[in-house]
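Q: Contents of upload31.csv (CSV, C-alpha atoms):
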chain,number,residue,atom,x,y,z
O,1,MET,CA,1.8,-206.0,-25.2
O,2,SER,CA,4.7,-204.4,-27.1
O,3,TRP,CA,2.6,-204.8,-30.3
O,4,ILE,CA,-0.3,-202.8,-28.6
O,5,LYS,CA,2.2,-200.1,-27.5
O,6,LYS,CA,3.6,-199.9,-31.0
O,7,LYS,CA,0.1,-199.5,-32.5
O,8,SER,CA,-0.9,-196.8,-30.0
O,9,PHE,CA,2.3,-194.9,-30.7
O,10,ILE,CA,1.6,-195.0,-34.4
O,11,PHE,CA,-1.9,-193.8,-33.7
O,12,LEU,CA,-0.6,-190.9,-31.7
O,13,ILE,CA,1.8,-189.9,-34.4
O,14,LEU,CA,-0.9,-190.0,-37.0
O,15,THR,CA,-3.3,-187.9,-35.0
O,16,ILE,CA,-0.6,-185.3,-34.3
O,17,ILE,CA,0.2,-185.1,-38.0
O,18,THR,CA,-3.5,-184.8,-38.8
O,19,PHE,CA,-3.9,-182.0,-36.2
O,20,VAL,CA,-0.9,-180.1,-37.7
O,21,ILE,CA,-2.3,-180.5,-41.2
O,22,GLY,CA,-5.8,-179.4,-40.1
O,23,TRP,CA,-4.4,-176.4,-38.3
O,24,LYS,CA,-2.2,-175.4,-41.2
O,25,ILE,CA,-5.2,-175.4,-43.6
O,26,ARG,CA,-7.6,-174.1,-40.9
O,27,ASN,CA,-9.9,-177.2,-41.2
O,28,PHE,CA,-11.7,-177.4,-37.8
O,29,ALA,CA,-13.1,-180.9,-38.6
O,30,LEU,CA,-9.6,-182.4,-39.0
O,31,CYS,CA,-8.3,-180.5,-35.9
O,32,GLY,CA,-11.3,-181.8,-33.9
O,33,PHE,CA,-11.0,-185.4,-34.9
O,34,ALA,CA,-7.2,-185.3,-34.3
O,35,ALA,CA,-7.5,-183.6,-30.9
O,36,SER,CA,-10.1,-186.1,-29.8
O,37,GLY,CA,-7.8,-188.9,-30.9
O,38,ILE,CA,-4.9,-187.4,-28.9
O,39,LEU,CA,-7.2,-187.2,-25.8
O,40,LEU,CA,-8.3,-190.8,-26.4
O,41,PHE,CA,-4.6,-191.9,-26.4
O,42,ILE,CA,-4.1,-190.0,-23.1
O,43,ALA,CA,-7.3,-191.6,-21.6
O,44,LEU,CA,-6.1,-195.1,-22.6
O,45,LYS,CA,-2.6,-194.4,-21.3
O,46,PHE,CA,-3.7,-192.9,-18.0
O,47,LYS,CA,-6.8,-194.8,-16.8
O,48,LYS,CA,-7.6,-192.4,-14.0
O,49,LEU,CA,-8.1,-189.6,-16.4
O,50,ALA,CA,-10.5,-191.5,-18.6
O,51,VAL,CA,-13.6,-190.6,-16.6
O,52,TYR,CA,-12.8,-186.9,-17.1
O,53,LEU,CA,-11.7,-187.1,-20.7
O,54,THR,CA,-14.5,-189.3,-22.1
O,55,PRO,CA,-17.2,-186.6,-22.1
O,56,ILE,CA,-14.7,-184.2,-23.8
O,57,ILE,CA,-13.8,-186.8,-26.4
O,58,VAL,CA,-17.4,-187.6,-27.2
O,59,THR,CA,-18.3,-183.9,-27.5
O,60,GLY,CA,-15.2,-183.3,-29.6
O,61,LEU,CA,-16.1,-186.1,-32.0
O,62,PHE,CA,-19.7,-185.0,-32.2
O,63,VAL,CA,-18.9,-181.3,-33.0
O,64,SER,CA,-16.2,-182.4,-35.5
O,65,LEU,CA,-18.7,-184.6,-37.2
O,66,ILE,CA,-21.1,-181.7,-37.5
O,67,GLU,CA,-18.3,-179.4,-38.8
O,68,PHE,CA,-17.3,-182.0,-41.4
O,69,SER,CA,-21.0,-182.5,-42.5
O,70,LEU,CA,-21.3,-178.7,-42.9
O,71,PHE,CA,-18.1,-178.6,-44.9
O,72,LEU,CA,-19.5,-181.1,-47.3
O,73,SER,CA,-23.0,-179.6,-47.6
O,74,TRP,CA,-22.2,-175.9,-47.2
O,75,SER,CA,-22.9,-175.1,-50.9
O,76,ILE,CA,-26.4,-176.7,-50.5
O,77,ILE,CA,-27.2,-175.0,-47.2
O,78,ILE,CA,-26.0,-171.5,-48.3
O,79,PRO,CA,-27.0,-170.6,-51.9
O,80,LYS,CA,-24.1,-169.6,-54.2
O,81,GLY,CA,-23.5,-165.9,-54.3
O,82,PRO,CA,-20.8,-163.4,-55.2
O,83,ALA,CA,-18.4,-165.2,-52.8
O,84,SER,CA,-18.6,-168.3,-55.1
O,85,ALA,CA,-16.7,-166.4,-57.8
O,86,TYR,CA,-13.0,-166.0,-57.6
O,87,MET,CA,-10.3,-163.6,-58.8
O,88,ASP,CA,-7.6,-164.6,-61.2
O,89,LYS,CA,-4.4,-165.0,-59.1
O,90,GLU,CA,-2.3,-164.0,-62.0
O,91,SER,CA,-4.0,-160.6,-62.5
O,92,ASP,CA,-2.4,-157.3,-61.4
O,93,TYR,CA,-5.4,-156.9,-59.1
O,94,VAL,CA,-4.2,-159.8,-56.9
O,95,LYS,CA,-0.5,-159.3,-57.3
O,96,LYS,CA,0.3,-155.6,-57.2
O,97,TYR,CA,-2.8,-153.5,-57.2
O,98,PHE,CA,-3.3,-152.6,-53.5
O,99,GLN,CA,-1.0,-150.4,-51.4
O,100,ARG,CA,-1.5,-149.8,-47.7
O,101,ILE,CA,-1.8,-146.2,-46.6
O,102,ASP,CA,-1.2,-145.7,-42.8
O,103,GLY,CA,-4.2,-144.2,-41.1
O,104,PHE,CA,-6.4,-144.5,-44.1
O,105,GLY,CA,-6.6,-148.1,-45.4
O,106,TYR,CA,-5.8,-149.1,-48.9
O,107,LEU,CA,-5.5,-147.3,-52.3
O,108,ALA,CA,-4.3,-148.6,-55.7
O,109,SER,CA,-0.7,-148.3,-57.0
O,110,GLU,CA,-0.2,-146.1,-60.0
O,111,GLY,CA,-0.4,-147.6,-63.5
O,112,LYS,CA,-2.7,-149.9,-65.6
O,113,HIS,CA,-3.9,-153.0,-63.8
O,114,THR,CA,-5.7,-156.0,-65.1
O,115,SER,CA,-8.5,-157.5,-63.1
O,116,ARG,CA,-10.2,-160.8,-64.0
O,117,LYS,CA,-13.0,-162.7,-62.2
O,118,PHE,CA,-14.3,-166.2,-62.9
O,119,SER,CA,-17.4,-168.2,-61.9
O,120,PRO,CA,-16.8,-171.6,-60.2
O,121,LYS,CA,-17.1,-173.2,-63.6
O,122,GLY,CA,-14.4,-171.0,-65.1
O,123,GLU,CA,-16.7,-168.6,-67.0
O,124,ILE,CA,-15.3,-165.1,-67.3
O,125,ILE,CA,-17.4,-162.7,-65.2
O,126,TYR,CA,-15.3,-159.7,-66.2
O,127,ASP,CA,-11.8,-159.0,-67.7
O,128,VAL,CA,-11.1,-155.3,-67.4
O,129,VAL,CA,-8.3,-152.8,-66.9
O,130,TYR,CA,-8.1,-150.1,-64.2
O,131,THR,CA,-6.0,-147.0,-64.9
O,132,ILE,CA,-4.8,-145.5,-61.7
O,133,GLY,CA,-3.3,-142.1,-61.2
O,134,LYS,CA,-0.4,-141.0,-58.9
O,135,ASP,CA,-2.9,-140.3,-56.1
O,136,GLY,CA,-4.1,-143.9,-56.0
O,137,TYR,CA,-7.5,-143.1,-57.5
O,138,ARG,CA,-9.0,-144.1,-60.9
O,139,LEU,CA,-7.9,-142.0,-63.8
O,140,ASP,CA,-11.1,-142.1,-65.9
O,141,VAL,CA,-11.5,-138.4,-66.6
O,142,PRO,CA,-8.6,-136.5,-68.3
O,143,TYR,CA,-8.6,-133.3,-66.2
O,144,ASP,CA,-7.0,-132.0,-63.0
O,145,ASN,CA,-8.9,-129.0,-61.7
O,146,HIS,CA,-12.1,-130.7,-60.9
O,147,LYS,CA,-15.2,-128.9,-59.6
O,148,ILE,CA,-17.0,-132.2,-58.9
O,149,TYR,CA,-15.8,-134.8,-56.5
O,150,ILE,CA,-17.6,-138.2,-56.3
O,151,TYR,CA,-17.0,-140.3,-53.2
O,152,GLY,CA,-18.0,-143.9,-52.6
O,153,GLY,CA,-16.9,-147.5,-52.7
O,154,SER,CA,-16.8,-150.1,-55.4
O,155,PHE,CA,-19.9,-148.8,-57.1
O,156,THR,CA,-18.1,-145.4,-57.6
O,157,ILE,CA,-14.7,-146.7,-58.7
O,158,GLY,CA,-16.5,-149.0,-61.1
O,159,GLU,CA,-15.4,-152.4,-59.9
O,160,GLY,CA,-15.5,-155.0,-62.8
O,161,LEU,CA,-15.7,-152.2,-65.4
O,162,ASN,CA,-13.3,-150.5,-67.8
O,163,ASP,CA,-12.2,-146.9,-67.5
O,164,ASN,CA,-14.9,-145.8,-70.0
O,165,GLU,CA,-17.8,-147.4,-68.1
O,166,THR,CA,-17.8,-145.5,-64.7
O,167,ILE,CA,-20.3,-142.8,-63.6
O,168,SER,CA,-17.6,-140.2,-63.7
O,169,TYR,CA,-16.6,-141.1,-67.2
O,170,TYR,CA,-20.2,-140.9,-68.5
O,171,LEU,CA,-20.6,-137.5,-66.8
O,172,TYR,CA,-17.6,-136.3,-68.8
O,173,ASN,CA,-18.1,-138.1,-72.1
O,174,ASN,CA,-21.9,-137.7,-72.4
O,175,HIS,CA,-22.5,-134.5,-70.5
O,176,GLY,CA,-19.3,-132.5,-70.6
O,177,LEU,CA,-19.0,-132.6,-66.8
O,178,TYR,CA,-15.5,-133.1,-65.3
O,179,SER,CA,-15.5,-135.0,-62.0
O,180,LYS,CA,-12.9,-136.6,-59.8
O,181,ASN,CA,-13.5,-140.3,-59.1
O,182,MET,CA,-12.7,-140.7,-55.3
O,183,GLY,CA,-14.2,-144.1,-55.0
O,184,PHE,CA,-12.4,-147.3,-54.0
O,185,HIS,CA,-13.2,-150.9,-53.3
O,186,GLY,CA,-14.6,-151.3,-49.8
O,187,PHE,CA,-14.6,-147.5,-49.0
O,188,GLY,CA,-17.1,-146.1,-46.6
O,189,LEU,CA,-18.1,-142.5,-46.0
O,190,HIS,CA,-15.6,-142.3,-43.1
O,191,GLN,CA,-12.8,-142.3,-45.8
O,192,ALA,CA,-14.8,-139.7,-47.8
O,193,LEU,CA,-14.8,-137.4,-44.6
O,194,PHE,CA,-11.1,-138.0,-44.1
O,195,ASN,CA,-10.5,-136.9,-47.7
O,196,VAL,CA,-12.6,-133.8,-47.3
O,197,GLN,CA,-10.9,-132.9,-44.1
O,198,ASN,CA,-7.6,-133.2,-45.9
O,199,ASN,CA,-8.7,-130.8,-48.7
O,200,LYS,CA,-9.3,-133.6,-51.3
O,201,THR,CA,-12.6,-131.9,-52.0
O,202,ALA,CA,-14.5,-129.6,-54.3
O,203,VAL,CA,-14.0,-125.8,-54.0
O,204,GLU,CA,-16.9,-123.8,-55.4
O,205,GLY,CA,-18.3,-126.9,-56.9
O,206,PHE,CA,-20.1,-130.2,-55.9
O,207,ASN,CA,-19.3,-133.1,-53.6
O,208,ILE,CA,-21.3,-136.2,-54.4
O,209,LEU,CA,-21.7,-139.1,-52.0
O,210,VAL,CA,-22.7,-142.3,-53.8
O,211,THR,CA,-24.0,-144.4,-50.8
O,212,PHE,CA,-26.6,-146.6,-49.3
O,213,PRO,CA,-27.4,-147.2,-45.6
O,214,GLY,CA,-25.3,-150.4,-45.5
O,215,HIS,CA,-22.2,-148.2,-45.7
O,216,ALA,CA,-22.9,-147.6,-42.0
O,217,THR,CA,-21.2,-150.9,-41.0
O,218,ARG,CA,-18.0,-149.7,-42.7
O,219,SER,CA,-17.8,-146.4,-40.8
O,220,ALA,CA,-18.5,-148.5,-37.6
O,221,CYS,CA,-15.4,-150.6,-38.3
O,222,LYS,CA,-17.4,-153.9,-38.5
O,223,PRO,CA,-16.1,-155.5,-41.7
O,224,SER,CA,-12.6,-157.1,-41.5
O,225,TYR,CA,-11.5,-155.0,-44.5
O,226,SER,CA,-12.1,-151.8,-42.5
O,227,SER,CA,-9.1,-152.4,-40.3
O,228,GLY,CA,-6.6,-149.5,-40.5
O,229,THR,CA,-9.2,-147.0,-41.8
O,230,PRO,CA,-10.1,-143.8,-40.0
O,231,ARG,CA,-12.4,-144.3,-37.0
O,232,TYR,CA,-14.9,-141.7,-35.9
O,233,ILE,CA,-17.0,-141.8,-32.8
O,234,ILE,CA,-19.7,-139.7,-31.2
O,235,ASP,CA,-18.5,-138.1,-27.9
O,236,ILE,CA,-20.6,-137.4,-24.7
O,237,ASN,CA,-21.4,-134.0,-26.2
O,238,ASN,CA,-23.0,-135.7,-29.2
O,239,LYS,CA,-20.2,-134.5,-31.5
O,240,LEU,CA,-18.3,-136.5,-34.1
O,241,ILE,CA,-14.6,-136.8,-33.2
O,242,SER,CA,-11.7,-138.7,-34.7
O,243,ASP,CA,-10.6,-141.7,-32.7
O,244,GLY,CA,-7.6,-143.3,-34.4
O,245,VAL,CA,-8.1,-146.2,-36.8
O,246,CYS,CA,-10.3,-149.2,-36.9
O,247,LYS,CA,-8.6,-152.1,-35.2
O,248,GLU,CA,-7.8,-155.4,-37.0
O,249,MET,CA,-9.9,-158.4,-36.3
O,250,SER,CA,-8.7,-160.4,-33.4
O,251,PHE,CA,-6.8,-163.7,-34.0
O,252,LEU,CA,-9.6,-165.6,-32.3
O,253,LYS,CA,-12.4,-164.1,-34.4
O,254,ASN,CA,-10.4,-164.5,-37.5
O,255,LEU,CA,-9.8,-168.2,-36.6
O,256,LEU,CA,-13.5,-168.8,-35.7
O,257,ASN,CA,-14.5,-167.4,-39.1
O,258,LYS,CA,-12.9,-170.5,-40.6
O,259,SER,CA,-15.4,-172.8,-38.8
O,260,TYR,CA,-18.6,-173.8,-40.6
O,261,VAL,CA,-20.3,-174.3,-37.2
O,262,PHE,CA,-19.5,-170.7,-36.3
O,263,LYS,CA,-20.6,-169.4,-39.7
O,264,LEU,CA,-23.9,-171.1,-39.3
O,265,LEU,CA,-24.4,-169.7,-35.8
O,266,ASP,CA,-23.3,-166.3,-37.1
O,267,ARG,CA,-26.0,-166.4,-39.7
O,268,SER,CA,-28.8,-167.8,-37.7
O,269,LEU,CA,-28.3,-166.2,-34.3
O,270,LEU,CA,-26.5,-163.0,-35.0
O,271,LYS,CA,-28.4,-162.7,-38.3
O,272,SER,CA,-25.4,-161.3,-40.1
O,273,VAL,CA,-23.5,-162.4,-43.2
O,274,GLY,CA,-19.8,-162.2,-42.7
O,275,GLY,CA,-19.9,-159.7,-39.8
O,276,LYS,CA,-21.8,-158.1,-36.9
O,277,PRO,CA,-25.3,-156.8,-37.7
O,278,LEU,CA,-26.2,-153.2,-38.3
O,279,SER,CA,-27.0,-151.2,-35.1
O,280,ASN,CA,-28.7,-147.9,-34.2
O,281,GLN,CA,-25.3,-146.5,-33.2
O,282,ASP,CA,-23.8,-147.5,-36.6
O,283,ILE,CA,-26.5,-145.5,-38.4
O,284,GLU,CA,-26.1,-142.5,-36.1
O,285,ILE,CA,-22.3,-142.4,-36.7
O,286,TYR,CA,-22.9,-142.7,-40.4
O,287,LEU,CA,-25.3,-139.8,-40.4
O,288,LYS,CA,-23.0,-137.7,-38.3
O,289,ILE,CA,-20.2,-138.3,-40.8
O,290,ILE,CA,-22.5,-137.1,-43.6
O,291,GLU,CA,-23.4,-134.0,-41.5
O,292,GLU,CA,-19.7,-133.2,-41.1
O,293,ILE,CA,-19.1,-133.6,-44.8
O,294,ALA,CA,-22.0,-131.3,-45.4
O,295,TYR,CA,-20.6,-128.7,-43.1
O,296,LEU,CA,-17.1,-128.8,-44.6
O,297,THR,CA,-18.6,-128.7,-48.1
O,298,LYS,CA,-20.4,-125.5,-47.3
O,299,GLN,CA,-17.2,-124.0,-45.9
O,300,ASN,CA,-15.6,-124.5,-49.4
O,301,ASN,CA,-18.6,-122.7,-51.1
O,302,SER,CA,-19.7,-126.0,-52.6
O,303,LYS,CA,-22.9,-128.0,-52.5
O,304,LEU,CA,-23.5,-131.5,-51.3
O,305,ILE,CA,-25.4,-134.1,-53.3
O,306,ILE,CA,-26.3,-137.5,-51.8
O,307,ALA,CA,-26.8,-139.9,-54.6
O,308,TYR,CA,-28.4,-142.7,-52.6
O,309,MET,CA,-29.5,-146.3,-53.3
O,310,PHE,CA,-31.7,-148.6,-51.3
O,311,ARG,CA,-31.2,-152.3,-50.4
O,312,ASP,CA,-33.9,-154.5,-49.0
O,313,ASP,CA,-35.4,-152.7,-45.9
O,314,SER,CA,-35.4,-155.9,-43.9
O,315,VAL,CA,-31.6,-155.8,-43.4
O,316,ILE,CA,-31.9,-152.4,-41.6
O,317,LYS,CA,-35.1,-153.2,-39.7
O,318,LYS,CA,-33.8,-156.4,-38.2
O,319,ASN,CA,-31.8,-154.8,-35.4
O,320,THR,CA,-32.4,-151.0,-35.7
O,321,LYS,CA,-35.2,-148.5,-35.4
O,322,TRP,CA,-34.4,-147.2,-38.9
O,323,THR,CA,-35.9,-147.9,-42.3
O,324,ASN,CA,-34.8,-146.7,-45.8
O,325,GLN,CA,-37.5,-144.0,-45.8
O,326,LEU,CA,-36.4,-142.6,-42.4
O,327,ILE,CA,-32.8,-142.5,-43.6
O,328,LYS,CA,-33.9,-140.8,-46.8
O,329,LYS,CA,-35.5,-138.0,-44.7
O,330,GLU,CA,-32.2,-137.5,-42.9
O,331,TYR,CA,-30.4,-137.3,-46.2
O,332,GLU,CA,-32.8,-134.6,-47.4
O,333,LYS,CA,-32.3,-132.6,-44.1
O,334,ILE,CA,-28.5,-132.8,-44.4
O,335,ALA,CA,-27.7,-132.4,-48.1
O,336,ASP,CA,-28.4,-129.6,-50.5
O,337,LEU,CA,-30.0,-132.3,-52.6
O,338,ALA,CA,-30.7,-136.0,-52.1
O,339,ILE,CA,-31.3,-138.1,-55.3
O,340,ASN,CA,-32.5,-141.6,-55.6
O,341,ILE,CA,-30.3,-143.4,-58.1
O,342,THR,CA,-31.3,-147.0,-57.3
O,343,LEU,CA,-33.0,-147.4,-60.7
O,344,GLY,CA,-35.7,-149.5,-59.0
O,345,SER,CA,-37.3,-150.0,-55.6
O,346,THR,CA,-34.2,-151.8,-54.2
O,347,LEU,CA,-30.9,-153.0,-55.6
O,348,GLU,CA,-31.9,-156.6,-55.1
O,349,GLN,CA,-34.9,-156.2,-57.5
O,350,LEU,CA,-33.0,-154.6,-60.4
O,351,PRO,CA,-33.2,-156.2,-63.8
O,352,SER,CA,-30.0,-158.1,-64.8
O,353,LYS,CA,-29.0,-155.3,-67.3
O,354,TYR,CA,-28.1,-153.2,-64.3
O,355,TYR,CA,-25.5,-155.5,-62.8
O,356,ILE,CA,-22.4,-157.2,-64.2
O,357,HIS,CA,-23.3,-160.9,-63.5
O,358,LYS,CA,-25.5,-163.0,-61.3
O,359,LEU,CA,-22.4,-163.8,-59.2
O,360,ASP,CA,-21.2,-160.2,-59.1
O,361,GLN,CA,-23.9,-157.6,-58.7
O,362,HIS,CA,-21.8,-154.5,-59.0
O,363,PRO,CA,-23.3,-152.0,-61.4
O,364,SER,CA,-23.1,-152.6,-65.1
O,365,ALA,CA,-22.0,-149.9,-67.6
O,366,LYS,CA,-25.7,-149.5,-68.4
O,367,ALA,CA,-26.5,-148.7,-64.8
O,368,ASN,CA,-23.7,-146.1,-64.6
O,369,PHE,CA,-24.8,-144.6,-67.9
O,370,GLU,CA,-28.3,-144.0,-66.5
O,371,ARG,CA,-27.1,-142.8,-63.1
O,372,ALA,CA,-24.9,-140.3,-64.8
O,373,SER,CA,-27.9,-139.1,-66.8
O,374,ILE,CA,-29.9,-138.6,-63.6
O,375,LEU,CA,-27.0,-136.7,-61.9
O,376,LYS,CA,-26.3,-134.4,-64.8
O,377,ASN,CA,-29.8,-132.9,-64.6
O,378,PHE,CA,-29.0,-131.5,-61.2
O,379,LEU,CA,-25.3,-130.7,-61.8
O,380,ASN,CA,-26.2,-128.5,-64.8
For the file at hand, write its structure as structure tokens.
A:
Amino acid sequence: MSWIKKKSFIFLILTIITFVIGWKIRNFALCGFAASGILLFIALKFKKLAVYLTPIIVTGLFVSLIEFSLFLSWSIIIPKGPASAYMDKESDYVKKYFQRIDGFGYLASEGKHTSRKFSPKGEIIYDVVYTIGKDGYRLDVPYDNHKIYIYGGSFTIGEGLNDNETISYYLYNNHGLYSKNMGFHGFGLHQALFNVQNNKTAVEGFNILVTFPGHATRSACKPSYSSGTPRYIIDINNKLISDGVCKEMSFLKNLLNKSYVFKLLDRSLLKSVGGKPLSNQDIEIYLKIIEEIAYLTKQNNSKLIIAYMFRDDSVIKKNTKWTNQLIKKEYEKIADLAINITLGSTLEQLPSKYYIHKLDQHPSAKANFERASILKNFLN
């Protein structure tokens, strides 16, 4: 009898250790197996509880088995994409590139920063340098008194490219047009509006928005990286107003995102990849933000150009009444000029020369070269 007790005690200790390890590395399969083991120990120790605990134990083991199976087969179920690549942990981009700005999100710290990305096999996807000015934005054009401001996200800053491969650089080097690169990784047009409202904008010049409808999720605070960025809402009078900042993802949601079962349900039921699906309200806020940028641009005797790109229409049509063409019509109503710079029917169908790598489809230098050529015709 003492031998059995000793065995059960060792079993309990091992399951507790397994649970702690599983929790530390956020492995739901390990946590599930260990929790079921702990409940099994309790059921054996207290016979009266066995009838209540048995269904829970069986369910826990079953779900944990599914979680473990998904963990092993995830790369087969979900085709490898940009997330399969990884950043060099020794590069400046990982160590000292980002700085948090209260009420705005993130910008870069001043200086020259290395950024390297690798494929799962260790192949170099890119190895570049970002030069950042005192204001936290890319310093790719040697001039201060800009008449052209270009707003956008990673496409605008030139993620994965050197300083002499961005749209703003090509406008300067090839066409003699001096522009201020106001793009940054993960930015949405809500940050562009915030900048315009705070006089980081063209006066008697041009404001250019490099955007696509998918940016609407960012201004709606849906991606986790939007936490801390300016939040705008539409009030009861159908006016756009500031409403603090986007809140951080809850601990529970952040925790669930580590579960492969939850990821699968998120993709299949919510039909989203890494977040909530696009909604009609998201698009409406996005367009209202552009309207406000247009109004403020006009107040500064400047013109607004929307340099838009299209992604696959199906992403928008799944959960909204909108399509690429309907949004294009809104662009044309709001801006002084709306220009299609996709370089094809959709970004997904572009030839490989227009993106960096199959595992990172940010624009290539060639794409930026051609997009700058399109824009210069209208800026001149």
Q: Is there a way to get, as an MDAnalysis selection string, all residues within 8 Å of the point (-19.7, -143.8, -56.9) in file coordinates, counting all atoms listed in the file?
A: chainID O and resid 150:158 167:168 181:183 209:211
Q: Find the residue from O:Ala307, O:Val261, O:Ile10, O:Leu61 that sits nearest to Leu30 (chain O); use all atoms listed in the file when measuring.
A: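 Of the candidates, the smallest distance to Leu30 (chain O) is held by O:Leu61.
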Q: If we count all atoms listed in the file, what is near Leu53 (chain O) at a cut-off of 8 Å, once residues fewer than 6 positions away on the same chain are taken out, given as a list in words?
A: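 What passes the distance filter is Leu39, Leu40 and Ala43 of chain O.
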Q: Using CA of Ile339 (chain O) and CA of Ile208 (chain O) as the two end points, give the distance in Å to one decimal.
A: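 Pair CA of Ile339 (chain O) / CA of Ile208 (chain O) returns 10.2 Å.
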Q: Give me the residues near Gln191 (chain O) as a ChimeraX atom specification, where near means some atom within 12 Å (using all atoms listed in the file) and where sequence neighbours in that chain fewer than 2 positions away do not count.
A: /O:101,103-107,151-153,182-189,193-198,200,209,215,218-221,226,228-232,242,245-246,286,289-290,293
Q: Please list as a count of residues only every residue within 9 Å of Leu177 (chain O), counting only C-alpha atoms and excluding residues in the same chain fewer than 5 positions away.
A: 10
Q: One decimal, Å: what's the distance from CA of Asp127 (chain O) over to CA of Asp163 (chain O), could you say?
A: 12.1 Å
Q: Neighbours of Phe11 (chain O) within 9 Å (all atoms listed in the file; same-chain residues fewer than 3 positions away dropped), as a PyMOL selection string?
A: chain O and resi 6-8+14-16+37-38+41
Q: Could you tell me how far CA of Tyr308 (chain O) lies from CA of Lys239 (chain O), in Å and to one decimal?
A: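 So the two atoms, CA of Tyr308 (chain O) and CA of Lys239 (chain O), lie 24.1 Å apart.
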Q: From the set O:Glu159, O:Leu375, O:Ala34, O:Phe310, which residue has the shortest atom-to-atom contact distance to Ile13 (chain O), counting all atoms listed in the file?
A: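 Closest to Ile13 (chain O) of all the choices is O:Ala34.
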Q: Using all atoms listed in the file, which of the listed residues (O:Leu343, O:Ile125, O:Ile132, O:Leu350) sits closest to Gly111 (chain O)?
A: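 Once distances to Gly111 (chain O) are computed over all atoms listed in the file, the minimum belongs to O:Ile132.
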Q: Please provide as a list of chain:residue names all residues within 12 Å of Glu348 (chain O), with the sequence filter that same-chain residues fewer than 2 positions apart are discarded (counting all atoms listed in the file).
A: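 Listing them by chain and then by number gives O:Met309, O:Phe310, O:Arg311, O:Asp312, O:Asp313, O:Ser314, O:Val315, O:Thr342, O:Leu343, O:Gly344, O:Ser345, O:Thr346, O:Leu350, O:Pro351, O:Ser352, O:Tyr354, O:Tyr355, O:Lys358, O:Asp360, O:Gln361, O:His362, O:Pro363.
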Q: Pick out the closest residue to Lys366 (chain O) from this set: O:Asp88, O:Thr18, O:Asn238, O:Lys353. Count all atoms listed in the file.
A: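 Between O:Asp88, O:Thr18, O:Asn238, O:Lys353, the residue approaching Lys366 (chain O) most closely is O:Lys353.
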Q: From the set O:Asn280, O:Glu123, O:Asp144, O:Gly176, which residue has the shortest atom-to-atom contact distance to Ser373 (chain O), counting all atoms listed in the file?
A: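 That would be O:Gly176, the residue with the smallest distance to Ser373 (chain O).
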Q: Using only C-alpha atoms, which residue out of O:Ile241, O:Ile316, O:Leu287, O:Ala367 lies closest to Lys329 (chain O)?
A: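 So, comparing all the options, the nearest one is O:Leu287.
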